[in-house]
Each structure stands twice: as C-alpha cells, then as structure tokens.
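Colleague: Supplied in structure tokens, the structure appears directly below.
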Amino acid sequence: MLPETYINEVEKRLRRTGRPREMVIDVMLEVQQFYGWFSDEALEQTAGLLQMHPLELEELATFYNYIYRQPVGKYVIHVCDSVICQMTAGYESFVEHMQEKLGIQMGQTTHDGLFSLLPVCCLGYCDLAPALMINQTVYGELTAEKFDQIIEDLRREK
Amino acid sequence: MPDLIIDNKKIQVAKGTRVIDAAQSAGIYIPRFCYFAELGAVGACRVCAVKFIDGPVEGIEMSCMVEAEDGMVVSTDDAEAVDFRRHVIEWMMMNHPHDCPVCDEGGHCLLQDLTVAGGHGIRRFSGKKRTYADQYLGPLISHEENRCIQCYRCSRFYQEYCGYKDLGVMGIAQRIYFGRYKDGVLENPFSGNLIDICPTGVYTDKPSRYTGRKWDFEQSSGVCTTCSLGCSIRVSARYRQVVRLEAGYSQAVNGAFICDRGRYGFSWVNSEKRPRQGRVDKKTMAPQKAAAAAAGRINDLEKQYGPGAIAVAGSGRSSLEALAAWHHLCQIRSWRGFFFDDLAAGPGAAAAVSGLSRENAVSMKAVESADMILAVGADPLREAPMLALAMRQAWRAGAGVFAIDPRDLEWPFAFRQVSAAADEIPGLVSGMATGNGFFENDSRHGRNMAAIRDQLAQSRSPVIVCGTAAGGQATVSAAAGLVQWLRKSKKDARLFGILPMANTFGGILLNGKPGTPEELIKGMESGQIKALVAAQSDLWKTCQDPDRLDRALRRLEFLCAADCVATELVSRADIVIPVFSVFEAGGIYINQEARAQWSQPAHAGGTPVRITGAGGHPPRVIGAAIPGGGLPPAWLAAWQIAGLAPPDSHEAMMDWMTKAYPVTAPVKTMGSEGVRIFPSQ
C-alpha cells in the first residue's frame, strides 16, 4: 500500500492541476519508485488516484521503456541497441561480455536482485556510442573494462 | 465542388471528400484496412496507396489522407501503386498466421480477400511469427490477437466512437496488443461491432462458431425488431435456424453499426419452446385446422353474447400487414376492438406519433449533426441504444446534451441532468416555450433549466429526444409543443420520440386511437369480453399487475393465441395457432421516425435441424414439405381466425392493405431506405 502521506500529497497536487491526466506519467514514476516496479497493485492504485481506467494506464505503462511491469533489479542497465551504437566496433562482443559478466541474458535479473539488463532504443548519446544508462546516469564510450569497473563500483555501493 | 479524374473517369465530389471515397462514389474500390468512414482516416495501414499523376499532389500517397481537389489526376492501377500495395500486404502477412482454413473469419475476411487480390501467394519471410496470449472477452466475442494487422479500427471504435475505456491498444512496435487490461466481459454495449469492423479474425462471433462458412448461409437484409429504431441488419441462416446477425448499412438510420441487444437478441426464433404446431384443447393439429376451430368457437360466442364480447390484443411486435389485418377484421366484424399492448409500455406513444410531421421528424443519422440535444423522460441507452451512440457523435462534434429525467442516467458522454420527478417534466418542458420566467423561482431546478433555455436560445438545429414510457402523454405533448415553438422562433428544431416496440408507429398509424390494455382488462373483469385473441400479444409482459391480469383472464370463456413466441398467453390459450416470425415471413415495420422498411424473410421456415435431429442426423422423411414449415404469416392467420377468405398471396395482401388503408400506399413503391409515412393530420 502507498503511504497515506503520499496519497494526500498527490491528491493535493491533482486538485491544483487543471488537467489531472497530464500528471499521469509523473505519478506512475513516483509510485514505481515506491514499489521498485509498476506492479498490478501499483497500477490499480494509480488508476484510482487519477480516476482513470486501468487500461489507460496499461496503455502508457507498456508503451514506455522506463516503466517496468515486471520486477527488476536495484540497478536497471538500459543498453542502447540503436543503429549508431551497433555500428561501433566490437558492439556485439561488448554485449556478450556484459551478459557473461553478470551471468544473465538480456531481459533478465541477477539472482541477488541487483542488476537487470534491458535493451533500449536510442538514449540520444550517439556521440558517446556505445552507451548505456543505469538509474538515470549515462555511461558512454564503453569498453569491457569500463563496464566491469562500473559494476564493481555499484556492487560495493549496494 | 472539386473536379478530378480517377482511372480516366471524371468525378465531381463535395468539398472535403477524401480521394478514397471519391473513387468509391464512381464505383472504384480502393483497398483499405484502417479506413472506415464512420471512424475517420488515420493512414495507419498504407494499403490504400494510389499514384497521383498530375495536379496539386504528385506521387504515391494514401488515398484516405488526401482530400479531393480540382485538377487531380489519380491512378489506382499504376504499376508503382500496385507494387506498393503488394508489398504492404506482404509485410502484413509476415506475422499473420496461415490459419484461414480453421479461422472463423475465413470466407468473409478483408485481409484474406486483399491478400489474394494483391497477388501475394508465396511467402518469402522465413523468420518466426510473433505470437500472443488471447483474452476472454465474454460469451459473445472470441479474441485471437495473433491475427492482428494493427489497423486500430477496434480501439478507435471502442474508445473514440463509443466512449468506453476497457479495450484499447497496449505495447509498442512488435509487442503491440489490442485487448483489455485483464480478461473480462467487454463493458461496451456496442462491442459486437468489433466483429464487423475487424478486417481480419481478431474478433469473431462466439455464439455462431462452428455453424458454417459465409457461403453456407442463406443471407438476407432485415430490419431489427428489438426496439423502435429499425436498424438495418444482415441475417445469416442455415439448417432452418437464424445463425448470426450483423450490422446492415443504412444511411438514414443506423449507419454501419448496431447495438449488441439487436445483434444477439434473436434466440427466441430458434427456441425449442417456440410454438410450431397448432393446438386445440391440448390436442395438436395443423395450424390451419386450429385456426378453423378458433373461428368456430368465436362464431358460437358471437351468436351467444354478440360481437362486443370478442376482443383482439396485439403489439408492435407484429408487421404492418398483420396489424392492418386485425384492425380491419375487428372493424368489419364489429368486435369490441383491437387493444394495443404497446400503450402500457408507452402511454405517450399515440402523442409521439401524432406529434410527428414531415417538417419536424429527424433520422437517427441526422441526430449526429444536431448542435444541441435535450432528452426528456428518455434513457436512450436502455430504450434505443443506437440513439445514445448517435447522441455521442453530436456531443463529440460540440453539441451540448441535457436531460430532464428522474432516473440515474449513465451515458457514454458528458451531459447535464435536471433530476425532476416524472410529473414535473411536462411543466418544466412547456415552461421553456412559454418563457414565463418561473425558473428563477424554482430553487431546485432553476439554474439547470436556465442553462438549458440559454443553450436552446443559442442553438440552430436542436433535437428534442422524448421517451414515451416514463413521462407519458403530457411529456410527449410538451416536447412536441417545445419543438413547435422553437420552429416558430426560426430554429430547425426536430422531435425524436422513442417508442416501445418495432412497429408501435404502424399500430397507431392505422388507427390513431387503439384500445389500451387497461380498457381490455376492465372489459374482461366486467365480463363484457368473453373471448380474447392474443395476436403476437405481450399483454402479460407489459402488464404491471400480473395477479389482476390472471384473474381477468380466468373470467374469459375462450382464449386464442396466434404467436411465434412462447408467451405466457400461448401456454394458457385454449387454441394456439403458430405463425411465422419476421425471419420467415418478412414484414413491414415502421420505426419511430415514421420510416416504413421491408424486412426480407431469411429462410423458408421449419423446425431447426438442430431440434429435429436432436444432435444427430434429422429423420429421413421423404417429401416436399419442410418439417415444421408451412406456418401461416401472422396476417394470414388473422383472416383464418376470423373465418374469412384471406388475400391469396403477399402481393394480394399488399394490394388489399394499400386500398383499405390508403395512408400505407407509399410502401408499394418504397426503396431499400424505406419510405416515411406520416399520419394524415
């Protein structure tokens, strides 16, 4: 269940907004932050808050890349698979390396629940190709070594 | 009026016409999947591509996205355009399963037709096809998402056209999915149209599964008799039963859609319980013999008690032919009269019929262009569902919608309601016409009524929708008066009445003052009426007090029922004469707009093979007669029960009817859109 204080706060914001529907993505991301992913429970509660049909939220949730309708790890690694990144030398072996390093395939989550590996269509960092994004932070000009370092740092942080 | 050339044909169309429609008006059919006139154009499927050779647009363009303009030269069969369309179809077939032989859409599938027409016969794509889990959408519609070609017709119809939110489009790119959030029965009372508009087999009709292919069916154009709107339907029949109803197209009435109640409300036709044999005092016999026995009993009672002891009860379920026969027979035999059930369900029906004229009548399709709608004592979604859809289209185009009604109304669009009691409605409605300013003193309704009056003052073409059930005669008269007053104030105001049954209008047109069920029951209670003929009568269903009716019926000496439905009166009758229904005999029905329409018979009648065969092969009886067939149409049974010689064919019946009731004369020459017949004022 969402905390009472959050519900009150959102309802206050909704009242202030002329068109509550325009806030739908913001609220979805906040609710996802609370649950770690956008579960059925999260979706139905958000629908109730915004007085929208659950299907309308499902339409949005399944359209956007950063709303997760399945459980994900603490760190979601969005690997760009757009054309520019794919054109960089060694892209395929780099993707292979990431999967080996984490011991999972694209679309999976590590057993310790720390990392998920998801493809994403263009992060807009073509100048830094190959690029990936982890929880709002973009990493570019990647190599296998650089990737290993990022993972080790995150593992230490937990 | 743009002039253009399509495939060397000179065409002139109205401004704003899309090239795809311009071509169709000249008999040139351009392929399409996503384009559907009622839903508008989105340019999603790319299969209506044509080549613009000369004029303001040049090159390959989508004909649904380009409006016709002067000087355009268009080719639909240019090699480049043909090749383009062939590729579009090929990529659509990449993911589409090759399951046509076992698909319920096979045989009436637009995708199948265009794939063949487009020349895509050999598959080149060797990759895997994407697949989906299907959903349970209720008992009426099957879902098979693998067949989807992403035309968006379903989600546009469901959400934009109808205003319901529980079906839509999810996902993106190769994951795109049309369906619901979770399995469940569709909430939209027009959802059956998904079956008709889906260009392939994603949505198919569940009740008619495994009953046959399109070419197995006897098909006919009918008129829906479920409510008073008279929507066009396409009827499919096989093995002596009605299998499926689909929306027929009518420019004046329903456009391209029908409601689910009309689409699925026909199970009574095929019912095991339906009377199929004549019955005289529990003995079965041929319908004609049963009718002759009834004629004998009626004659005896007439000799004993006089003709005033004989009464006929009928309903707007009957065709115009049957109603005319009964009106006439009651008159020439000097019987007590014809009593019309519909006046119990719609006490205001007679006023709604007499208040209608050529000037103030409005077709349902034209309601969509009203700029203001006021519904008084009416709940279209329950009483005439397709009207609610027409009102929604007017609302989408900017019309304000208002209601004066005591009930909790829920319509699929925004409207403002004055929750007045039924007996307050006539005063409130006529108060607007007199404009005596009493709203200001009305603390409960004042503000909303003032808003309605202001909106009416601003409108140019308002429509007043009026129910005949809730408010009764006073409400209908007040609504008709308001329309008259608005028309005097130079507004193109129109009256749209909702009647209780498919042919209530016909029953009242033939005789402005038919007897009411109340008068009938009183006549039976007092013992003046000794014999009752229930001719397709719904007296039992429409009566508010069944105990009272039960006592009244027990006082009768003779009850005869002629019907195609197993009603309570049929099970109580001393003599039963089974008659053909509209699906076997056809018939003329006059809708609430005064539009008479001919409903074709769908098949020759008879007991469904499903029943005679009881699951196996039907009995091998050699002979020309159809088992359970040869029932009289209701109008023929009327004459037989009266013991008189009937007209000897339907044609002769029509000649007789148009002479005996000159007001019905236009039906002899009516076209596919029917003809409007107003009561002579």
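Just remember, in the structure tokens the first chain shown is A, the second B, etc., residues are 1-based per chain, and ligands are 1-based in the order shown.
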I need the chain A residues near chain B as a VMD selection string; criterion: at most 8 Å, counting only C-alpha atoms.
Modeller: chain A and resid 53 to 56 58 to 63
Colleague: Hey, can you spit out that residue selection with C-alpha atoms as a compact mmCIF listing (two decimals), in the first residue's frame?
Modeller:
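What ended up in part-v3.txt:
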```txt
# COMPACT_ATOMS: atom_id res chain seq x y z
CA HIS A 53 -9.38 3.27 -16.28
CA PRO A 54 -6.65 0.69 -15.50
CA LEU A 55 -6.43 0.01 -19.24
CA GLU A 56 -5.46 3.63 -19.91
CA GLU A 58 -1.60 -0.14 -19.03
CA GLU A 59 -1.54 1.51 -22.46
CA LEU A 60 1.03 4.01 -21.18
CA ALA A 61 2.98 1.60 -18.97
CA THR A 62 3.57 -0.87 -21.80
CA PHE A 63 4.47 1.89 -24.25
```
Colleague: Name the residues of stretch 18-150 of chain A that fall into alpha helix (DSSP H) according to DSSP on the backbone, using the chain letters and numbers of this document, as a PyMOL selection string.
Modeller: chain A and resi 24-35+40-50+54-61+83-87+91-102+144-150
Colleague: Between B:Phe583, B:Phe338, B:Trp326, B:Phe558, which one has atoms that come closest to B:Met657, using only C-alpha atoms?
Modeller: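 Closest candidate: B:Trp326.
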Colleague: With a distance cut-off of 12 Å and only C-alpha atoms, select the neighbouring residues of A:Glu30, excluding the residue or stretch itself and same-chain residues fewer than 6 positions from it, and output the selection as a PDB file with C-alpha atoms, in the first residue's frame.
Modeller:
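The file below, around-v1.pdb, is the result:
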```pdb
ATOM      1  CA  LEU A   2       1.152   3.513  -0.758  1.00  0.00           C
ATOM      2  CA  PRO A   3       1.795   5.656   2.331  1.00  0.00           C
ATOM      3  CA  TYR A   6       1.983  10.339  -0.364  1.00  0.00           C
ATOM      4  CA  ILE A   7      -1.665   9.806  -1.326  1.00  0.00           C
ATOM      5  CA  GLU A   9       0.180  14.902  -1.291  1.00  0.00           C
ATOM      6  CA  VAL A  10      -0.745  13.623  -4.782  1.00  0.00           C
ATOM      7  CA  MET A  23       0.294  14.275 -14.340  1.00  0.00           C
ATOM      8  CA  VAL A  24      -0.136  10.611 -15.107  1.00  0.00           C
ATOM      9  CA  GLY A  36      10.543  -0.853  -7.190  1.00  0.00           C
ATOM     10  CA  TRP A  37       8.455  -1.771 -10.215  1.00  0.00           C
ATOM     11  CA  PHE A  38       4.991  -0.973 -11.557  1.00  0.00           C
ATOM     12  CA  ALA A  42       0.669  -0.118  -8.200  1.00  0.00           C
ATOM     13  CA  LEU A  43      -1.205   0.265 -11.496  1.00  0.00           C
ATOM     14  CA  THR A  46      -2.546   4.867  -9.578  1.00  0.00           C
ATOM     15  CA  TYR A  66      11.230   3.158 -18.060  1.00  0.00           C
ATOM     16  CA  ILE A  67       8.017   1.873 -16.534  1.00  0.00           C
TER      17      ILE A  67
END
```
Colleague: Find the residues near B:Gly222: any atom within 7 Å, counting only C-alpha atoms, skip ones fewer than 2 places away on the same chain, and give them as a list in words.
Modeller: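 Here the qualifying residues turn out to be Ser220, Cys224, Ser232, Ile233, Arg234, Val235, Ser599 and Gln600 of chain B.
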Colleague: May I have the residues within 10 Å of stretch 635-645 of chain B as an mmCIF file with C-alpha atoms, in the first residue's frame, using only C-alpha atoms and disregarding those fewer than 5 positions away in the same chain?
Modeller:
```cif
data_model
loop_
_atom_site.group_PDB
_atom_site.id
_atom_site.type_symbol
_atom_site.label_atom_id
_atom_site.label_comp_id
_atom_site.auth_asym_id
_atom_site.auth_seq_id
_atom_site.Cartn_x
_atom_site.Cartn_y
_atom_site.Cartn_z
ATOM 1 C CA PRO B 287 -52.196 -24.610 -37.849
ATOM 2 C CA GLN B 288 -54.941 -24.158 -40.407
ATOM 3 C CA LYS B 289 -57.240 -26.631 -38.614
ATOM 4 C CA ALA B 290 -56.560 -24.954 -35.287
ATOM 5 C CA ALA B 291 -57.433 -21.597 -36.863
ATOM 6 C CA ALA B 292 -60.681 -23.030 -38.251
ATOM 7 C CA ALA B 293 -61.568 -24.402 -34.803
ATOM 8 C CA ALA B 294 -60.892 -20.962 -33.308
ATOM 9 C CA ALA B 295 -63.138 -19.364 -35.945
ATOM 10 C CA GLY B 296 -65.909 -21.800 -34.967
ATOM 11 C CA ARG B 297 -65.643 -21.023 -31.257
ATOM 12 C CA ILE B 298 -65.599 -17.286 -31.902
ATOM 13 C CA ASN B 299 -68.714 -17.575 -34.077
ATOM 14 C CA SER B 318 -46.346 -7.598 -35.446
ATOM 15 C CA SER B 319 -45.724 -6.492 -39.008
ATOM 16 C CA LEU B 320 -47.759 -3.706 -40.559
ATOM 17 C CA GLU B 321 -49.585 -6.356 -42.608
ATOM 18 C CA ALA B 322 -50.727 -8.234 -39.503
ATOM 19 C CA LEU B 323 -51.734 -5.064 -37.681
ATOM 20 C CA ALA B 324 -53.735 -3.878 -40.698
ATOM 21 C CA ALA B 325 -55.494 -7.242 -40.935
ATOM 22 C CA TRP B 326 -56.514 -7.203 -37.270
ATOM 23 C CA HIS B 327 -57.621 -3.562 -37.283
ATOM 24 C CA HIS B 328 -59.744 -4.269 -40.341
ATOM 25 C CA LEU B 329 -61.216 -7.557 -39.103
ATOM 26 C CA CYS B 330 -62.176 -6.077 -35.734
ATOM 27 C CA ARG B 333 -66.917 -7.980 -37.590
ATOM 28 C CA VAL B 533 -57.492 -13.384 -29.446
ATOM 29 C CA ALA B 535 -52.233 -11.938 -31.706
ATOM 30 C CA CYS B 560 -56.892 -17.977 -28.535
ATOM 31 C CA ALA B 561 -53.217 -17.193 -29.177
ATOM 32 C CA ALA B 562 -51.538 -16.728 -32.552
ATOM 33 C CA ASP B 563 -47.834 -16.251 -31.994
ATOM 34 C CA ILE B 577 -52.048 -21.060 -33.916
ATOM 35 C CA PRO B 578 -48.309 -20.942 -34.568
ATOM 36 C CA VAL B 579 -47.248 -18.273 -37.044
ATOM 37 C CA PHE B 580 -44.096 -17.436 -38.975
ATOM 38 C CA ALA B 585 -42.422 -14.365 -43.374
ATOM 39 C CA GLY B 587 -42.817 -7.893 -42.971
ATOM 40 C CA HIS B 650 -48.400 -11.451 -50.010
ATOM 41 C CA MET B 653 -52.244 -8.684 -49.248
#
```
Colleague: How close does each residue of stretch 107-196 of chain B get to stretch 78-102 of chain B, giving the shortest atom pair and distance in Å to one decimal for every residue with an atom at most 10 Å away, counting only C-alpha atoms, sorted by chain and residue number, as a Markdown table?
Modeller:
```
| residue | atom | partner | partner_atom | distance |
| --- | --- | --- | --- | --- |
| B:Gly107 | CA | B:Cys100 | CA | 8.3 |
| B:Cys109 | CA | B:Cys100 | CA | 9.1 |
| B:Leu111 | CA | B:Ile89 | CA | 8.3 |
| B:Gln112 | CA | B:Cys100 | CA | 7.8 |
| B:Leu114 | CA | B:Ile89 | CA | 7.6 |
| B:Thr115 | CA | B:Ile89 | CA | 6.2 |
| B:Val116 | CA | B:Ile89 | CA | 9.6 |
| B:Ala117 | CA | B:Arg86 | CA | 9.1 |
| B:Gly118 | CA | B:Arg86 | CA | 5.3 |
| B:Gly119 | CA | B:Arg86 | CA | 6.8 |
| B:His120 | CA | B:Glu90 | CA | 6.3 |
| B:Gly121 | CA | B:Glu90 | CA | 9.1 |
| B:Ile122 | CA | B:Glu90 | CA | 9.2 |
| B:Arg123 | CA | B:Glu90 | CA | 7.9 |
| B:Arg124 | CA | B:Glu90 | CA | 8.7 |
| B:Phe125 | CA | B:Met94 | CA | 6.3 |
| B:Ser126 | CA | B:Met94 | CA | 8.7 |
| B:Gly127 | CA | B:Met94 | CA | 8.4 |
| B:Lys128 | CA | B:Asn95 | CA | 8.0 |
| B:Lys129 | CA | B:Asn95 | CA | 4.7 |
| B:Arg130 | CA | B:Asn95 | CA | 6.0 |
| B:Thr131 | CA | B:Asn95 | CA | 8.1 |
| B:Glu145 | CA | B:His96 | CA | 9.6 |
| B:Asn146 | CA | B:His96 | CA | 6.5 |
| B:Arg147 | CA | B:His96 | CA | 5.1 |
| B:Cys148 | CA | B:His96 | CA | 7.0 |
| B:Ile149 | CA | B:Met92 | CA | 6.0 |
| B:Gln150 | CA | B:Met92 | CA | 8.9 |
| B:Gln174 | CA | B:Asn95 | CA | 9.5 |
```
Colleague: Pick the closest to A:Gly107 from A:Ile134, A:Ile150, A:Val120, A:Ala129: which is it, counting only C-alpha atoms?
Modeller: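 Under the stated criterion, the closest residue is A:Val120.
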Colleague: Please provide as a ChimeraX atom specification all residues within 10 Å of stretch 495-500 of chain B, with the sequence filter that same-chain residues fewer than 6 positions apart are discarded (counting only C-alpha atoms).
Modeller: /B:226-229,315-317,341-353,355-357,359-364,367,374-380,383-384,387,462-469,476,479-484,591-593
Colleague: Looking only at strand (DSSP E or B) from DSSP on the backbone, list the matching residues of chain A as a list of chain:residue names.
Modeller: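 Of chain A, the ones in strand (DSSP E or B) are A:Tyr75, A:Val76, A:Ile77, A:His78, A:Val79, A:Cys80, A:Thr109, A:Phe115, A:Ser116, A:Leu117, A:Leu118, A:Pro119, A:Val120, A:Leu132, A:Met133, A:Ile134, A:Thr137, A:Val138, A:Tyr139.
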Colleague: Tell me which of A:Thr110, A:Glu22, A:Val79, A:Val27 sits closest to A:Tyr139, counting only C-alpha atoms.
Modeller: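 Between A:Thr110, A:Glu22, A:Val79, A:Val27, the residue approaching A:Tyr139 most closely is A:Val79.
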Colleague: Skip B:Leu140 itself and residues of its chain fewer than 5 positions away, then list as a compact mmCIF listing (two decimals) with N, CA and C atoms, in the first residue's frame all residues within 9 Å of it, counting only C-alpha atoms.
Modeller:
```txt
# COMPACT_ATOMS: atom_id res chain seq x y z
N VAL B 185 -15.51 -9.57 -19.34
CA VAL B 185 -16.58 -9.27 -20.28
C VAL B 185 -16.48 -7.81 -20.70
N GLY B 192 -20.22 -5.75 -30.11
CA GLY B 192 -20.37 -6.71 -31.21
C GLY B 192 -19.90 -6.15 -32.54
N THR B 204 -14.11 -12.45 -33.43
CA THR B 204 -15.11 -13.20 -34.20
C THR B 204 -16.30 -13.53 -33.31
N ASP B 205 -17.40 -13.82 -33.97
CA ASP B 205 -18.67 -14.06 -33.27
C ASP B 205 -18.63 -15.43 -32.57
N LYS B 206 -18.79 -15.41 -31.24
CA LYS B 206 -18.66 -16.67 -30.49
C LYS B 206 -19.89 -17.57 -30.61
N PRO B 207 -21.12 -17.03 -30.44
CA PRO B 207 -22.27 -17.94 -30.47
C PRO B 207 -22.42 -18.69 -31.80
N TYR B 264 -27.67 -9.80 -30.73
CA TYR B 264 -27.71 -11.11 -30.07
C TYR B 264 -29.09 -11.46 -29.52
```
Colleague: Could you tell me how far atom CA of B:Pro2 sits from atom CA of B:Thr17, in Å to one decimal place?
Modeller: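 Going from atom CA of B:Thr17 over to atom CA of B:Pro2, I get 8.9 Å.
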Colleague: Using only C-alpha atoms, pick whichever of A:Thr137, A:Gln86, A:Ser93, A:Gln108 has the shortest atom-to-atom distance to A:Cys121.
Modeller: A:Gln86
Colleague: Determine the nearest neighbour of A:His78 from the options A:Val95, A:Met106, A:Ala47, A:Leu117, counting only C-alpha atoms.
Modeller: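 Among the listed residues, A:Leu117 lies closest to A:His78.
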Colleague: Could you tell me how far atom CA of B:Gly615 lies from atom CA of B:Leu631, in Å and to one decimal?
Modeller: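 Atom CA of B:Gly615 sits 24.1 Å away from atom CA of B:Leu631.
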Colleague: One decimal, in Å: what's the spacing between atom CA of B:Leu389 and atom CA of B:Tyr158?
Modeller: 11.3 Å
